[in-house]
file protein_39.txt (compact mmCIF, C-alpha atoms)
# COMPACT_ATOMS: atom_id res chain seq x y z
CA MET Q 255 0.00 0.00 0.00
CA ASP Q 256 1.16 3.54 -0.77
CA PRO Q 257 2.31 4.96 2.60
CA LYS Q 258 0.19 8.09 2.22
CA PHE Q 259 -2.95 6.01 1.62
CA ARG Q 260 -2.13 3.87 4.67
CA ILE Q 261 -1.88 6.98 6.86
CA ILE Q 262 -5.11 8.44 5.46
CA ASP Q 263 -6.78 5.05 5.94
CA GLN Q 264 -5.87 4.99 9.62
CA LEU Q 265 -6.59 8.64 10.39
CA SER Q 266 -9.94 8.72 8.62
CA GLY Q 267 -10.90 5.52 10.41
CA LEU Q 268 -10.08 7.06 13.79
CA LYS Q 269 -12.07 10.16 12.86
CA ALA Q 270 -15.12 8.15 11.82
CA ALA Q 271 -14.92 6.20 15.06
CA GLY Q 272 -14.79 9.44 17.04
CA ILE Q 273 -11.43 8.71 18.70
CA ILE Q 274 -9.10 10.92 16.65
CA SER Q 275 -6.87 13.34 18.55
CA PRO Q 276 -6.63 17.04 17.57
CA GLU Q 277 -3.08 16.48 16.31
CA GLN Q 278 -4.16 13.52 14.16
CA ASP Q 279 -7.13 15.49 12.81
CA GLU Q 280 -4.80 18.33 11.79
CA GLN Q 281 -2.43 15.86 10.12
CA LEU Q 282 -5.31 14.37 8.12
CA SER Q 283 -6.45 17.81 6.96
CA GLU Q 284 -2.95 18.73 5.82
CA LEU Q 285 -2.56 15.49 3.86
CA LEU Q 286 -5.85 15.97 2.04
CA ALA Q 287 -5.16 19.64 1.26
CA SER Q 288 -1.70 19.01 -0.19
CA ASP Q 289 -2.38 15.98 -2.39
CA PRO Q 290 -5.24 15.81 -4.95
CA GLU Q 291 -4.89 12.02 -5.33
CA ALA Q 292 -5.15 11.55 -1.59
CA SER Q 293 -8.18 13.82 -1.48
CA GLU Q 294 -9.84 11.82 -4.26
CA PHE Q 295 -9.21 8.61 -2.35
CA ASN Q 296 -10.77 10.04 0.80
CA ASP Q 297 -13.76 11.47 -1.10
CA ALA Q 298 -14.47 8.06 -2.62
CA GLN Q 299 -14.55 6.42 0.79
CA THR Q 300 -16.67 9.20 2.26
CA ALA Q 301 -19.19 8.89 -0.57
CA LEU Q 302 -19.43 5.18 0.10
CA GLY Q 303 -20.07 5.79 3.78
CA GLN Q 304 -22.89 8.21 2.97
CA SER Q 305 -24.67 5.91 0.53
CA ALA Q 306 -28.29 5.05 1.24
CA GLU Q 307 -27.52 1.32 1.15
CA ILE Q 308 -24.85 1.53 3.83
CA ASN Q 309 -26.89 3.84 6.04
CA GLN Q 310 -29.86 1.47 5.84
CA ILE Q 311 -27.67 -1.43 6.99
CA ILE Q 312 -26.30 0.63 9.85
CA ALA Q 313 -29.79 1.74 10.89
CA GLU Q 314 -30.87 -1.88 11.24
CA HIS Q 315 -28.15 -2.70 13.78
CA ASP Q 316 -27.13 -1.61 17.23
CA ALA Q 317 -24.66 1.15 16.41
CA PRO Q 318 -23.03 1.44 19.87
CA THR Q 319 -21.83 -2.14 19.61
CA MET Q 320 -20.26 -1.78 16.18
CA LEU Q 321 -16.56 -2.49 15.99
CA TYR Q 322 -14.47 -0.07 13.99
CA LYS Q 323 -11.14 -1.38 12.75
CA VAL Q 324 -8.62 -0.01 10.26
CA TRP Q 325 -8.57 -2.24 7.21
CA GLU Q 326 -5.50 -3.20 5.21
CA GLY Q 327 -6.66 -4.95 2.05
CA ILE Q 328 -9.03 -4.99 -0.91
CA ASP Q 329 -12.68 -5.78 -0.41
CA LYS Q 330 -13.79 -8.00 -3.26
CA ASP Q 331 -17.33 -6.62 -3.16
CA ASN Q 332 -18.34 -4.67 -6.29
CA ARG Q 333 -19.55 -1.74 -4.18
CA ARG Q 334 -15.94 -0.64 -3.72
CA ARG Q 335 -14.77 -0.66 -7.32
CA LYS Q 336 -14.06 3.07 -7.26
CA VAL Q 337 -11.86 2.75 -4.20
CA ILE Q 338 -10.15 -0.32 -5.63
CA LYS Q 339 -9.39 1.56 -8.84
CA ILE Q 340 -7.61 4.26 -6.87
CA ARG Q 341 -5.71 1.74 -4.75
CA LYS Q 342 -4.16 -0.44 -7.44
CA THR Q 343 -1.05 -0.97 -5.33
CA LEU Q 344 -2.86 -2.69 -2.47
CA SER Q 345 -2.15 -6.31 -1.54
CA ILE Q 346 -4.98 -8.83 -1.60
CA ALA Q 347 -3.33 -10.86 1.17
CA ALA Q 348 -4.91 -8.83 3.94
CA ALA Q 349 -8.49 -9.37 2.76
CA ALA Q 350 -8.94 -11.67 5.74
CA ALA Q 351 -9.09 -8.54 7.86
CA ILE Q 352 -12.44 -7.58 6.36
CA ILE Q 353 -15.33 -9.26 8.12
CA PHE Q 354 -18.29 -7.84 6.20
CA GLY Q 355 -17.76 -6.29 2.77
CA ILE Q 356 -18.49 -2.77 3.93
CA ALA Q 357 -15.81 -0.11 4.34
CA ILE Q 358 -16.36 3.47 5.38
CA GLY Q 359 -13.60 6.08 5.59
CA GLY Q 360 -10.85 3.51 6.00
CA ILE Q 361 -12.65 1.41 8.61
CA ALA Q 362 -14.54 -1.84 8.46
CA ILE Q 363 -17.71 -2.28 10.45
CA LEU Q 364 -18.74 -5.53 12.07
CA LEU Q 365 -22.50 -5.58 12.19
CA PRO Q 366 -23.75 -8.02 14.82
CA LYS Q 367 -27.36 -9.12 14.68
CA LYS Q 368 -29.42 -7.40 17.33
CA GLN Q 369 -30.80 -10.66 18.66
CA ASP Q 370 -27.43 -12.44 18.79
CA ILE Q 371 -26.36 -13.50 22.28
CA SER Q 372 -22.88 -14.93 22.75
CA HIS Q 373 -22.97 -18.49 23.98
CA LEU Q 374 -19.95 -17.53 26.07
CA SER Q 375 -21.88 -15.05 28.22
CA ALA Q 376 -22.21 -17.50 31.10
CA VAL Q 377 -18.48 -18.19 31.09
CA LYS Q 378 -17.65 -14.49 30.97
CA GLU Q 379 -20.12 -13.63 33.74
CA ALA Q 380 -18.66 -16.26 36.05
CA LYS Q 381 -15.28 -14.55 35.86
CA SER Q 382 -16.41 -10.94 35.97
CA ARG Q 383 -15.59 -9.83 39.51
CA ILE Q 384 -13.54 -6.65 39.74
CA GLU Q 385 -12.04 -6.85 43.22
CA LEU Q 386 -10.40 -4.38 45.57
CA ARG Q 387 -8.32 -6.10 48.26
CA LEU Q 388 -7.59 -3.72 51.12
CA PRO Q 389 -4.74 -3.79 53.68
CA ASN Q 390 -7.17 -4.73 56.46
CA GLY Q 391 -8.02 -7.95 54.62
CA GLN Q 392 -11.41 -6.81 53.34
CA VAL Q 393 -12.32 -7.69 49.76
CA VAL Q 394 -14.78 -5.40 47.96
CA ASP Q 395 -16.59 -6.68 44.86
CA LEU Q 396 -16.65 -3.57 42.68
CA SER Q 397 -18.68 -5.35 40.00
CA ALA Q 398 -21.63 -5.83 42.34
CA ARG Q 399 -21.32 -2.83 44.63
CA GLN Q 400 -21.79 0.66 43.17
CA GLY Q 401 -21.71 3.96 45.04
CA GLN Q 402 -19.76 4.61 48.23
CA VAL Q 403 -17.96 2.29 50.62
CA ASN Q 404 -16.43 3.51 53.90
CA THR Q 405 -13.58 1.31 55.08
CA ALA Q 406 -9.83 1.21 55.81
CA GLY Q 407 -9.86 4.90 56.79
CA ALA Q 408 -11.17 6.12 53.43
CA THR Q 409 -14.38 6.68 51.48
CA PHE Q 410 -14.35 4.80 48.19
CA SER Q 411 -16.61 5.83 45.34
CA ASN Q 412 -17.28 3.24 42.62
CA ASN Q 413 -19.14 4.72 39.65
CA ASN Q 414 -18.99 4.37 35.86
CA LYS Q 415 -16.18 1.79 35.94
CA THR Q 416 -14.00 4.19 37.94
CA LEU Q 417 -12.82 4.03 41.55
CA THR Q 418 -11.91 7.17 43.49
CA TYR Q 419 -11.25 7.50 47.20
CA THR Q 420 -10.78 10.15 49.87
CA PRO Q 421 -9.11 9.61 53.29
CA THR Q 422 -11.50 10.12 56.21
CA GLY Q 423 -8.92 9.52 58.91
CA ALA Q 424 -5.77 7.48 59.34
CA VAL Q 425 -5.77 5.21 56.28
CA ALA Q 426 -4.76 1.58 56.71
CA SER Q 427 -1.05 1.00 56.23
CA GLY Q 428 0.24 -1.45 53.69
CA ASN Q 429 -0.75 -1.97 50.08
CA SER Q 430 -4.09 -2.48 48.40
CA THR Q 431 -4.56 -4.47 45.20
CA LEU Q 432 -7.10 -3.89 42.46
CA LEU Q 433 -7.73 -6.88 40.19
CA VAL Q 434 -9.46 -6.58 36.80
CA PRO Q 435 -10.60 -9.95 35.41
CA ILE Q 436 -10.91 -11.40 31.93
CA GLY Q 437 -13.01 -9.38 29.51
CA LYS Q 438 -13.18 -6.24 31.66
CA ASP Q 439 -11.41 -2.90 32.00
CA TYR Q 440 -11.46 -0.43 34.88
CA THR Q 441 -10.02 2.92 35.98
CA ILE Q 442 -8.69 4.01 39.36
CA ALA Q 443 -7.76 7.51 40.49
CA LEU Q 444 -4.95 7.28 43.04
CA SER Q 445 -4.59 9.59 46.03
CA ASP Q 446 -2.12 11.91 44.23
CA GLY Q 447 -4.43 12.48 41.25
CA THR Q 448 -2.79 9.93 38.97
CA THR Q 449 -5.30 7.94 36.92
CA VAL Q 450 -4.67 4.36 35.84
CA HIS Q 451 -6.83 2.63 33.22
CA LEU Q 452 -6.38 -1.12 33.58
CA ASN Q 453 -6.97 -3.63 30.79
CA SER Q 454 -8.36 -7.13 31.32
CA SER Q 455 -6.40 -9.67 33.39
CA THR Q 456 -4.48 -6.86 35.06
CA SER Q 457 -3.66 -5.95 38.65
CA ILE Q 458 -2.23 -2.88 40.35
CA THR Q 459 -0.82 -2.83 43.88
CA PHE Q 460 -0.66 0.57 45.58
CA PRO Q 461 -0.76 2.31 48.98
CA LEU Q 462 -3.87 4.27 49.89
CA SER Q 463 -1.61 7.21 50.74
CA PHE Q 464 1.82 7.95 49.25
CA ALA Q 465 4.77 8.94 51.41
CA ASP Q 466 8.09 10.32 50.09
CA ARG Q 467 7.89 8.24 46.94
CA ARG Q 468 4.93 7.26 44.83
CA GLU Q 469 5.32 3.58 43.95
CA VAL Q 470 2.92 1.07 42.40
CA THR Q 471 3.27 -2.40 40.90
CA ILE Q 472 1.43 -3.46 37.75
CA ASN Q 473 1.00 -6.84 36.11
CA GLY Q 474 -0.86 -6.95 32.79
CA GLU Q 475 -1.59 -3.80 30.80
CA ALA Q 476 -2.45 -0.27 31.90
CA TYR Q 477 -2.46 3.31 30.67
CA LEU Q 478 -1.25 5.85 33.22
CA GLU Q 479 -1.64 9.61 33.38
CA VAL Q 480 0.69 10.61 36.19
CA ALA Q 481 0.01 13.76 38.21
CA PRO Q 482 3.12 16.01 38.23
CA ASP Q 483 5.03 16.30 41.51
CA ALA Q 484 8.71 17.20 41.19
CA LYS Q 485 9.34 16.35 44.85
CA LYS Q 486 7.83 12.87 44.61
CA PRO Q 487 8.88 10.80 41.61
CA PHE Q 488 6.34 8.23 40.45
CA ILE Q 489 7.72 4.72 40.04
CA VAL Q 490 5.97 1.81 38.33
CA HIS Q 491 7.40 -1.62 39.08
CA LEU Q 492 6.97 -4.21 36.31
CA PRO Q 493 8.15 -7.83 36.19
CA ASN Q 494 11.11 -6.96 33.93
CA ALA Q 495 11.58 -3.23 34.41
CA SER Q 496 10.90 -0.20 36.53
CA VAL Q 497 9.64 3.11 35.17
CA GLN Q 498 10.27 6.48 36.81
CA VAL Q 499 8.32 9.59 35.84
CA LEU Q 500 7.46 13.06 37.14
CA GLY Q 501 4.31 13.72 35.13
CA THR Q 502 3.39 12.06 31.86
CA ALA Q 503 1.13 9.60 30.02
CA PHE Q 504 2.27 6.12 28.99
CA ASN Q 505 1.18 2.53 28.46
CA VAL Q 506 2.68 -0.53 30.13
CA ASN Q 507 2.21 -4.11 28.98
CA THR Q 508 3.57 -7.22 30.71
CA TYR Q 509 1.29 -9.87 29.19
CA ASP Q 510 4.14 -11.70 27.44
CA PRO Q 511 6.21 -13.64 30.00
CA GLY Q 512 9.68 -12.21 30.42
CA ILE Q 513 8.87 -8.99 28.52
CA SER Q 514 7.78 -5.56 29.77
CA CYS Q 515 6.78 -2.90 27.23
CA VAL Q 516 6.60 0.78 28.11
CA ALA Q 517 5.11 3.04 25.38
CA LEU Q 518 5.42 6.77 26.00
CA VAL Q 519 2.60 9.02 24.78
CA SER Q 520 3.69 12.33 26.33
CA GLY Q 521 6.30 13.68 28.75
CA LYS Q 522 9.44 11.80 29.73
CA VAL Q 523 10.15 8.52 31.49
CA THR Q 524 13.19 6.46 32.26
CA VAL Q 525 13.11 2.68 32.04
CA LYS Q 526 15.53 0.47 33.92
CA ASP Q 527 16.05 -3.26 33.94
CA PRO Q 528 16.08 -4.09 37.67
CA SER Q 529 18.41 -7.04 37.08
CA ALA Q 530 21.04 -4.82 35.43
CA ASN Q 531 22.30 -2.85 38.40
CA THR Q 532 25.15 -1.21 36.51
CA ALA Q 533 23.23 -0.23 33.37
CA ASP Q 534 22.06 3.35 32.97
CA PRO Q 535 18.30 3.90 32.70
CA VAL Q 536 16.94 4.37 29.18
CA MET Q 537 15.28 7.73 28.54
CA LEU Q 538 12.22 7.60 26.27
CA LYS Q 539 10.67 10.31 24.14
CA PRO Q 540 7.03 10.39 22.99
CA GLY Q 541 6.23 7.97 20.19
CA VAL Q 542 8.74 5.30 21.19
CA GLN Q 543 8.57 2.32 23.50
CA ALA Q 544 11.03 0.35 25.57
CA VAL Q 545 10.90 -3.43 25.40
CA ALA Q 546 12.63 -4.80 28.49
CA THR Q 547 13.71 -8.39 28.99
CA ASN Q 548 16.01 -9.98 31.53
CA LYS Q 549 18.91 -9.31 29.15
CA GLU Q 550 18.37 -5.82 27.71
CA VAL Q 551 16.12 -2.85 27.08
CA LEU Q 552 15.37 -2.18 23.41
CA VAL Q 553 13.90 1.10 22.14
CA GLN Q 554 11.64 1.23 19.09
CA PRO Q 555 8.73 3.30 17.67
CA PHE Q 556 5.13 2.23 18.22
CA ASP Q 557 1.79 2.95 16.55
CA PRO Q 558 -0.66 4.33 19.15
CA SER Q 559 -3.67 3.37 17.02
CA TYR Q 560 -2.71 -0.25 17.67
CA THR Q 561 -0.97 -0.09 21.05
CA LEU Q 562 -3.71 1.98 22.69
CA SER Q 563 -6.77 0.57 20.88
CA TRP Q 564 -7.64 -1.54 23.94
CA ARG Q 565 -8.77 1.67 25.65
CA GLN Q 566 -11.74 1.75 23.24
CA GLY Q 567 -12.46 -1.93 23.93
CA ILE Q 568 -10.84 -3.00 20.67
CA PHE Q 569 -7.87 -5.29 20.13
CA ARG Q 570 -6.39 -4.18 16.81
CA PHE Q 571 -3.66 -6.20 15.16
CA GLN Q 572 -1.61 -6.09 11.98
CA ASP Q 573 0.12 -9.12 10.46
CA LEU Q 574 -0.27 -10.99 13.74
CA SER Q 575 0.12 -14.76 13.78
CA LEU Q 576 -2.81 -16.95 14.72
CA SER Q 577 -0.77 -18.38 17.59
CA LYS Q 578 -0.43 -14.88 19.09
CA ILE Q 579 -4.13 -14.19 18.58
CA CYS Q 580 -4.90 -17.39 20.48
CA GLU Q 581 -2.95 -15.98 23.43
CA VAL Q 582 -5.17 -12.89 23.52
CA LEU Q 583 -8.58 -14.60 23.27
CA PRO Q 584 -8.55 -16.10 26.80
CA ARG Q 585 -8.02 -12.78 28.57
CA TRP Q 586 -10.43 -10.85 26.34
CA PHE Q 587 -13.26 -13.37 26.16
CA GLY Q 588 -12.62 -15.89 28.95
CA ILE Q 589 -12.32 -18.87 26.62
CA SER Q 590 -9.63 -21.42 25.87
CA ALA Q 591 -8.30 -21.41 22.30
CA VAL Q 592 -6.12 -24.12 20.75
CA MET Q 593 -4.82 -25.00 17.30
CA ASP Q 594 -5.41 -28.52 16.05
CA ASN Q 595 -2.99 -28.00 13.17
CA ASP Q 596 0.53 -26.61 13.72
CA ARG Q 597 0.62 -25.59 10.05
CA ILE Q 598 -1.70 -22.66 10.68
CA ALA Q 599 0.14 -21.28 13.72
CA ASN Q 600 2.05 -18.73 11.68
CA PHE Q 601 -0.82 -17.67 9.42
CA LYS Q 602 -1.08 -13.91 9.83
CA PHE Q 603 -4.13 -11.69 10.04
CA SER Q 604 -4.87 -7.98 10.22
CA GLY Q 605 -8.05 -6.67 11.76
CA GLY Q 606 -9.67 -6.16 15.13
CA LEU Q 607 -11.77 -7.74 17.84
CA SER Q 608 -14.16 -5.98 20.20
CA ARG Q 609 -14.70 -7.16 23.75
CA ASN Q 610 -18.17 -5.59 23.59
CA MET Q 611 -19.39 -7.89 20.83
CA SER Q 612 -20.09 -11.56 20.44
CA LEU Q 613 -16.86 -13.42 19.67
CA LYS Q 614 -18.87 -15.88 17.60
CA GLU Q 615 -19.90 -13.09 15.23
CA GLN Q 616 -16.33 -11.89 14.88
CA LEU Q 617 -14.65 -15.19 14.13
CA SER Q 618 -15.70 -15.06 10.50
CA MET Q 619 -12.59 -13.02 9.70
CA PHE Q 620 -10.48 -16.15 9.98
CA GLN Q 621 -12.56 -18.00 7.39
CA LEU Q 622 -12.70 -15.50 4.55
CA GLU Q 623 -9.66 -16.76 2.71
CA GLY Q 624 -10.51 -20.42 3.32
CA GLN Q 625 -7.27 -20.94 5.20
CA VAL Q 626 -8.64 -21.54 8.68
CA GLU Q 627 -11.75 -23.17 10.07
CA TYR Q 628 -12.90 -23.30 13.67
CA TYR Q 629 -15.30 -25.19 15.92
CA TRP Q 630 -16.30 -25.38 19.60
CA ASP Q 631 -15.98 -28.58 21.58
CA LYS Q 632 -18.29 -29.72 24.38
CA ASP Q 633 -16.17 -27.91 26.98
CA SER Q 634 -16.55 -24.57 25.12
CA THR Q 635 -12.94 -24.61 23.95
CA LEU Q 636 -12.35 -22.87 20.64
CA HIS Q 637 -10.41 -24.98 18.11
CA PHE Q 638 -8.75 -23.69 14.94
CA LYS Q 639 -7.99 -26.24 12.23
call {"tool": "encode", "arguments": {"input": "protein_39.txt", "output": "structure tokens"}}
result
Amino acid sequence: MDPKFRIIDQLSGLKAAGIISPEQDEQLSELLASDPEASEFNDAQTALGQSAEINQIIAEHDAPTMLYKVWEGIDKDNRRRKVIKIRKTLSIAAAAAIIFGIAIGGIAILLPKKQDISHLSAVKEAKSRIELRLPNGQVVDLSARQGQVNTAGATFSNNNKTLTYTPTGAVASGNSTLLVPIGKDYTIALSDGTTVHLNSSTSITFPLSFADRREVTINGEAYLEVAPDAKKPFIVHLPNASVQVLGTAFNVNTYDPGISCVALVSGKVTVKDPSANTADPVMLKPGVQAVATNKEVLVQPFDPSYTLSWRQGIFRFQDLSLSKICEVLPRWFGISAVMDNDRIANFKFSGGLSRNMSLKEQLSMFQLEGQVEYYWDKDSTLHFK
């Protein structure tokens, strides 16, 4: 794909989904104003999105549950001949990323049937407890209990998937732990004003009140917006690294065993491998990430539209092997996924999955090219073959 079309594809998709940043919106406008061919490409996609046929389809489905994902390949449907004509350089290999043959402004829309109910709902519900474990030993089920809770010397407010708290006296000493289960996400505002958005299968351990240093421990994935305080550095402990900041926004991911990823969105952070006592910390700048292992810390750029897509409830992936996708499905949907055929382990796909939609409806992406089939066994394990 022509790089300029790829960028326009992604930016227009983010804009249509309503999650584009002001900087990205300005970049899109500049690209379209400076290149007639790029503008023609965008106009063709916009016209498609405004067609009566597409709008009728959208009107017949539950729009809030639609999954928007940036698409990478050619849709074989005749409705996109104008777009295809413009994009002669595209590869057909990524057509497996398109689930229904409808593309609007660089995004594909998965249209679930209104009456569809995932047969996995019972499994997901059984593992849906968001728990707060306090230093006094009390465990609060935040999934079941909304509103205020007074305990451990603080008033906790649990509303709209967000936990805030205010000390009412001498808070309990020691650390608290917030656990977010499979298929859920949750936000906590710490006592210093730092907010932490936790992805599924993630935990954060923290004190109810910070002393000289602000320190937390995270396992899983989280996006942090750290409140500035020059006198109290903020330190995030990960399995394979530690991150020190003063005030910034960044993403941490420790899902892969032995690897800790720190992606910086704004500000400055330093990343240090705790096992390398003599090594200097690595300073990051916005737009790059540190990948820390037990041996080294590597620095590389990252694409926020992929790395941060989980914050919109979407797991977006590009050229990702089926084996890696199978590692994600358990923590997003609470199911077990296995491959009956080793030959397909390295088959790669580009697309997206939404935790707010039926997985059954979304699995069709893996069948489009006829390379992979799937089935469920009696124990509700997903098999690819």
call {"tool": "residues_around", "arguments": {"input": "protein_39.txt", "residues": "range 383-399 of chain Q", "least_positions_apart": "4", "cutoff": "9 Å", "atoms": "all atoms listed in the file", "output": "PyMOL selection string"}}
result
chain Q and resi 379+403+405-406+412+415+417+426-435+438-440+461-462
call {"tool": "atom_distance", "arguments": {"input": "protein_39.txt", "atom1": "CA of Val450 in chain Q", "atom2": "CA of Val536 in chain Q"}}
result
22.6 Å
call {"tool": "atom_distance", "arguments": {"input": "protein_39.txt", "atom1": "CA of Leu583 in chain Q", "atom2": "CA of Tyr629 in chain Q"}}
result
14.5 Å
call {"tool": "atom_distance", "arguments": {"input": "protein_39.txt", "atom1": "CA of Phe587 in chain Q", "atom2": "CA of Asp573 in chain Q"}}
result
21.1 Å
call {"tool": "residues_around", "arguments": {"input": "protein_39.txt", "residues": "Ser496 in chain Q", "least_positions_apart": "5", "cutoff": "8 Å", "atoms": "all atoms listed in the file", "output": "number ranges by chain"}}
result
Q: 489-491, 525-528
call {"tool": "write_last_selection", "arguments": {"input": "protein_39.txt", "atoms": "C-alpha atoms", "output": "mmCIF file, in the coordinates of the input"}}
result
data_model
loop_
_atom_site.group_PDB
_atom_site.id
_atom_site.type_symbol
_atom_site.label_atom_id
_atom_site.label_comp_id
_atom_site.auth_asym_id
_atom_site.auth_seq_id
_atom_site.Cartn_x
_atom_site.Cartn_y
_atom_site.Cartn_z
ATOM 1 C CA ILE Q 489 7.720 4.720 40.040
ATOM 2 C CA VAL Q 490 5.970 1.810 38.330
ATOM 3 C CA HIS Q 491 7.400 -1.620 39.080
ATOM 4 C CA VAL Q 525 13.110 2.680 32.040
ATOM 5 C CA LYS Q 526 15.530 0.470 33.920
ATOM 6 C CA ASP Q 527 16.050 -3.260 33.940
ATOM 7 C CA PRO Q 528 16.080 -4.090 37.670
#
call {"tool": "closest_residue", "arguments": {"input": "protein_39.txt", "among": "Q:Thr635, Q:Gln498, Q:Ser563, Q:Thr448", "to": "Pro535 in chain Q", "atoms": "only C-alpha atoms"}}
result
Q:Gln498
call {"tool": "residues_around", "arguments": {"input": "protein_39.txt", "residues": "Thr422 in chain Q", "least_positions_apart": "4", "cutoff": "8 Å", "atoms": "all atoms listed in the file", "output": "VMD selection string"}}
result
chain Q and resid 407 to 409
call {"tool": "closest_atom_pairs", "arguments": {"input": "protein_39.txt", "of": "range 543-602 of chain Q", "to": "range 464-484 of chain Q", "cutoff": "10 Å", "atoms": "all atoms listed in the file", "output": "tab-separated table"}}
result
residue	atom	partner	partner_atom	distance
Q:Leu562	CA	Q:Tyr477	CA	8.2
Q:Trp564	CA	Q:Glu475	CA	9.4
Q:Arg565	CA	Q:Tyr477	CA	8.2
call {"tool": "closest_residue", "arguments": {"input": "protein_39.txt", "among": "Q:Gly501, Q:Leu286, Q:Gly541, Q:Gly567", "to": "Lys486 in chain Q", "atoms": "all atoms listed in the file"}}
result
Q:Gly501
call {"tool": "closest_residue", "arguments": {"input": "protein_39.txt", "among": "Q:Ala546, Q:Gly606, Q:Gln625, Q:Val519", "to": "Val497 in chain Q", "atoms": "all atoms listed in the file"}}
result
Q:Ala546
call {"tool": "axis_aligned_box", "arguments": {"input": "protein_39.txt", "around": "range 604-615 of chain Q", "padding_each_side": "6 Å", "output": "lines of an AutoDock Vina configuration file"}}
result
center_x = -12.5
center_y = -10.7
center_z = 17.0
size_x = 27.2
size_y = 22.3
size_z = 25.5
call {"tool": "closest_residue", "arguments": {"input": "protein_39.txt", "among": "Q:Val582, Q:Leu636, Q:Met619, Q:Leu518", "to": "Ser455 in chain Q", "atoms": "all atoms listed in the file"}}
result
Q:Val582
call {"tool": "closest_residue", "arguments": {"input": "protein_39.txt", "among": "Q:Val626, Q:Arg609, Q:Phe638, Q:Phe410", "to": "Cys580 in chain Q", "atoms": "all atoms listed in the file"}}
result
Q:Phe638
call {"tool": "closest_residue", "arguments": {"input": "protein_39.txt", "among": "Q:Ser618, Q:Asn548, Q:Thr420, Q:Gln566", "to": "His451 in chain Q", "atoms": "only C-alpha atoms"}}
result
Q:Gln566
